[in-house]
Structure formats: C-alpha cells, structure tokens
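protein.cif, holding mmCIF, N, CA and C atoms:
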data_final
#
loop_
_atom_site.label_atom_id
_atom_site.label_comp_id
_atom_site.auth_asym_id
_atom_site.auth_seq_id
_atom_site.Cartn_x
_atom_site.Cartn_y
_atom_site.Cartn_z
N MET A 189 34.03 -30.43 -7.62
CA MET A 189 32.92 -30.78 -6.77
C MET A 189 32.93 -29.97 -5.47
N GLU A 190 34.14 -29.76 -4.94
CA GLU A 190 34.28 -28.98 -3.71
C GLU A 190 33.79 -27.55 -3.92
N ASN A 191 34.10 -26.98 -5.07
CA ASN A 191 33.69 -25.62 -5.40
C ASN A 191 32.16 -25.52 -5.45
N TYR A 192 31.51 -26.53 -5.99
CA TYR A 192 30.05 -26.57 -6.06
C TYR A 192 29.45 -26.58 -4.66
N LYS A 193 30.03 -27.38 -3.76
CA LYS A 193 29.53 -27.45 -2.38
C LYS A 193 29.69 -26.11 -1.67
N ASN A 194 30.82 -25.46 -1.91
CA ASN A 194 31.03 -24.14 -1.30
C ASN A 194 30.01 -23.12 -1.80
N LYS A 195 29.74 -23.13 -3.08
CA LYS A 195 28.74 -22.21 -3.64
C LYS A 195 27.35 -22.50 -3.06
N GLU A 196 27.05 -23.77 -2.94
CA GLU A 196 25.75 -24.15 -2.39
C GLU A 196 25.63 -23.71 -0.92
N MET A 197 26.70 -23.86 -0.17
CA MET A 197 26.70 -23.42 1.23
C MET A 197 26.56 -21.89 1.31
N GLN A 198 27.22 -21.18 0.39
CA GLN A 198 27.10 -19.72 0.36
C GLN A 198 25.67 -19.31 0.04
N ASN A 199 25.06 -19.99 -0.91
CA ASN A 199 23.67 -19.68 -1.27
C ASN A 199 22.74 -19.93 -0.09
N ARG A 200 22.93 -21.01 0.62
CA ARG A 200 22.10 -21.32 1.78
C ARG A 200 22.29 -20.28 2.88
N ALA A 201 23.55 -19.89 3.09
CA ALA A 201 23.83 -18.87 4.11
C ALA A 201 23.18 -17.54 3.74
N THR A 202 23.26 -17.18 2.47
CA THR A 202 22.64 -15.93 2.01
C THR A 202 21.13 -15.98 2.18
N LYS A 203 20.51 -17.09 1.82
CA LYS A 203 19.06 -17.24 1.98
C LYS A 203 18.66 -17.21 3.45
N ALA A 204 19.45 -17.85 4.30
CA ALA A 204 19.15 -17.86 5.73
C ALA A 204 19.26 -16.45 6.31
N ALA A 205 20.29 -15.73 5.91
CA ALA A 205 20.45 -14.36 6.39
C ALA A 205 19.29 -13.48 5.94
N LYS A 206 18.86 -13.64 4.71
CA LYS A 206 17.72 -12.86 4.21
C LYS A 206 16.46 -13.19 4.98
N ALA A 207 16.24 -14.47 5.27
CA ALA A 207 15.04 -14.87 6.03
C ALA A 207 15.07 -14.27 7.43
N ILE A 208 16.23 -14.27 8.06
CA ILE A 208 16.36 -13.69 9.40
C ILE A 208 16.10 -12.19 9.35
N LYS A 209 16.69 -11.51 8.38
CA LYS A 209 16.49 -10.06 8.25
C LYS A 209 15.03 -9.73 7.97
N ASP A 210 14.39 -10.50 7.10
CA ASP A 210 12.98 -10.26 6.79
C ASP A 210 12.11 -10.47 8.02
N GLY A 211 12.41 -11.50 8.79
CA GLY A 211 11.65 -11.75 10.02
C GLY A 211 11.84 -10.64 11.04
N ALA A 212 13.07 -10.18 11.18
CA ALA A 212 13.35 -9.09 12.11
C ALA A 212 12.65 -7.81 11.66
N ASP A 213 12.66 -7.54 10.37
CA ASP A 213 11.99 -6.35 9.83
C ASP A 213 10.50 -6.39 10.14
N THR A 214 9.90 -7.54 9.95
CA THR A 214 8.48 -7.70 10.25
C THR A 214 8.21 -7.48 11.73
N ALA A 215 9.05 -8.06 12.57
CA ALA A 215 8.88 -7.91 14.02
C ALA A 215 9.01 -6.44 14.43
N PHE A 216 10.02 -5.75 13.91
CA PHE A 216 10.19 -4.35 14.25
C PHE A 216 9.03 -3.50 13.76
N ASP A 217 8.52 -3.79 12.58
CA ASP A 217 7.35 -3.06 12.08
C ASP A 217 6.14 -3.27 12.98
N THR A 218 5.95 -4.48 13.44
CA THR A 218 4.83 -4.78 14.33
C THR A 218 4.94 -4.01 15.64
N VAL A 219 6.14 -3.99 16.21
CA VAL A 219 6.36 -3.24 17.45
C VAL A 219 6.15 -1.75 17.23
N GLN A 220 6.67 -1.23 16.12
CA GLN A 220 6.51 0.19 15.84
C GLN A 220 5.03 0.54 15.69
N ASN A 221 4.26 -0.28 15.01
CA ASN A 221 2.84 -0.02 14.85
C ASN A 221 2.12 -0.05 16.19
N ALA A 222 2.51 -0.96 17.06
CA ALA A 222 1.89 -1.04 18.38
C ALA A 222 2.21 0.20 19.20
N VAL A 223 3.45 0.66 19.15
CA VAL A 223 3.85 1.86 19.88
C VAL A 223 3.07 3.07 19.36
N GLU A 224 2.93 3.17 18.05
CA GLU A 224 2.19 4.30 17.48
C GLU A 224 0.72 4.25 17.89
N ALA A 225 0.15 3.07 17.98
CA ALA A 225 -1.25 2.95 18.41
C ALA A 225 -1.41 3.38 19.86
N VAL A 226 -0.48 2.99 20.71
CA VAL A 226 -0.53 3.39 22.11
C VAL A 226 -0.36 4.90 22.24
N GLU A 227 0.58 5.45 21.48
CA GLU A 227 0.79 6.90 21.51
C GLU A 227 -0.47 7.64 21.08
N SER A 228 -1.09 7.17 20.03
CA SER A 228 -2.31 7.82 19.54
C SER A 228 -3.42 7.76 20.58
N ALA A 229 -3.59 6.60 21.21
CA ALA A 229 -4.62 6.46 22.24
C ALA A 229 -4.33 7.39 23.42
N ALA A 230 -3.08 7.50 23.81
CA ALA A 230 -2.72 8.38 24.93
C ALA A 230 -3.00 9.84 24.59
N MET A 231 -2.64 10.25 23.39
CA MET A 231 -2.87 11.64 22.99
C MET A 231 -4.36 11.94 22.88
N ASN A 232 -5.13 11.00 22.38
CA ASN A 232 -6.59 11.19 22.32
C ASN A 232 -7.18 11.31 23.72
N THR A 233 -6.67 10.53 24.65
CA THR A 233 -7.15 10.62 26.03
C THR A 233 -6.84 11.98 26.62
N VAL A 234 -5.65 12.48 26.37
CA VAL A 234 -5.28 13.82 26.87
C VAL A 234 -6.20 14.87 26.25
N ASP A 235 -6.44 14.79 24.96
CA ASP A 235 -7.33 15.75 24.29
C ASP A 235 -8.74 15.69 24.86
N LYS A 236 -9.28 14.50 25.04
CA LYS A 236 -10.64 14.36 25.56
C LYS A 236 -10.74 14.85 27.01
N THR A 237 -9.71 14.58 27.79
CA THR A 237 -9.70 15.06 29.17
C THR A 237 -9.65 16.58 29.21
N THR A 238 -8.84 17.18 28.35
CA THR A 238 -8.77 18.64 28.27
C THR A 238 -10.11 19.23 27.86
N ASP A 239 -10.75 18.63 26.87
CA ASP A 239 -12.06 19.10 26.43
C ASP A 239 -13.08 19.02 27.57
N TYR A 240 -13.07 17.92 28.30
CA TYR A 240 -14.00 17.73 29.41
C TYR A 240 -13.78 18.80 30.49
N ILE A 241 -12.53 19.03 30.84
CA ILE A 241 -12.22 20.03 31.87
C ILE A 241 -12.65 21.41 31.41
N ASN A 242 -12.35 21.74 30.16
CA ASN A 242 -12.75 23.06 29.65
C ASN A 242 -14.26 23.24 29.65
N LYS A 243 -15.00 22.21 29.27
CA LYS A 243 -16.47 22.29 29.28
C LYS A 243 -16.99 22.46 30.71
N ARG A 244 -16.42 21.74 31.64
CA ARG A 244 -16.85 21.88 33.04
C ARG A 244 -16.57 23.28 33.56
N LEU A 245 -15.39 23.82 33.22
CA LEU A 245 -15.06 25.17 33.66
C LEU A 245 -15.98 26.20 33.02
N ASP A 246 -16.31 26.01 31.75
CA ASP A 246 -17.25 26.92 31.08
C ASP A 246 -18.62 26.86 31.75
N ASN A 247 -19.08 25.66 32.07
CA ASN A 247 -20.38 25.50 32.73
C ASN A 247 -20.36 26.14 34.11
N ASP A 248 -19.28 25.97 34.85
CA ASP A 248 -19.18 26.57 36.17
C ASP A 248 -19.20 28.09 36.07
N ASN A 249 -18.53 28.64 35.07
CA ASN A 249 -18.50 30.10 34.88
C ASN A 249 -19.88 30.63 34.49
N GLN A 250 -20.63 29.86 33.72
CA GLN A 250 -21.97 30.30 33.31
C GLN A 250 -22.95 30.22 34.47
N ASN A 251 -22.76 29.36 35.41
CA ASN A 251 -23.66 29.19 36.55
C ASN A 251 -23.39 30.17 37.66
N LYS A 252 -22.38 30.99 37.55
CA LYS A 252 -22.04 31.94 38.61
C LYS A 252 -22.80 33.23 38.44
#
Output the structure of this file as structure tokens.
Amino acid sequence: MENYKNKEMQNRATKAAKAIKDGADTAFDTVQNAVEAVESAAMNTVDKTTDYINKRLDNDNQNK
C-alpha cells in the first residue's frame, strides 16, 4: 500500500511540474510575441520617419 501511495505522489508531482512548465512556456511565448510586436512597430516608425525626411529633402532640393 505504501508503494502505491509513493507512485501516486510521484505521478502528482510529475503532473504538477508539467503544468508549471507549460504555464511558464505560454507566458514566455506571450512576452516574446509582445517584444517582437514592439520591435516591429519601432522599426516601422524609423522607416517612415526616414522616408518623410528624404521626401522633404527632395522637395526642398526641387524648389531651389
């Protein structure tokens, strides 16, 4: 009977560890996706700002 209880405790511990790892994996994936979204938005802003500056400089050169 004692052996059965030990196996049951081991099974519960294994299931608990898996649940914790799965939750952590999900949390890390969520954070990684958020960081990638912020990075993408920042890079797009830099690209659009560069395009705007270049267009303004081209317009200024054409008006001279």
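Relative to CA of Met231 (chain A), CA of Ala215 (chain A) is found at 24.5 Å.
Between CA of Ala201 (chain A) and CA of Phe216 (chain A) the interatomic distance comes to 22.4 Å.
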- Would you work out the distance separating atom N of Thr202 (chain A) from atom N of Met189 (chain A), expressed in Å to one decimal? 19.8 Å
If the box runs along x, y and z of the file and leaves 5 Å on each side of region 224-238 of chain A, what are its centre and edge lengths in Å, one decimal, as AutoDock Vina command-line options?
--center_x -3.9 --center_y 11.1 --center_z 23.3 --size_x 23.7 --size_y 26.3 --size_z 21.7
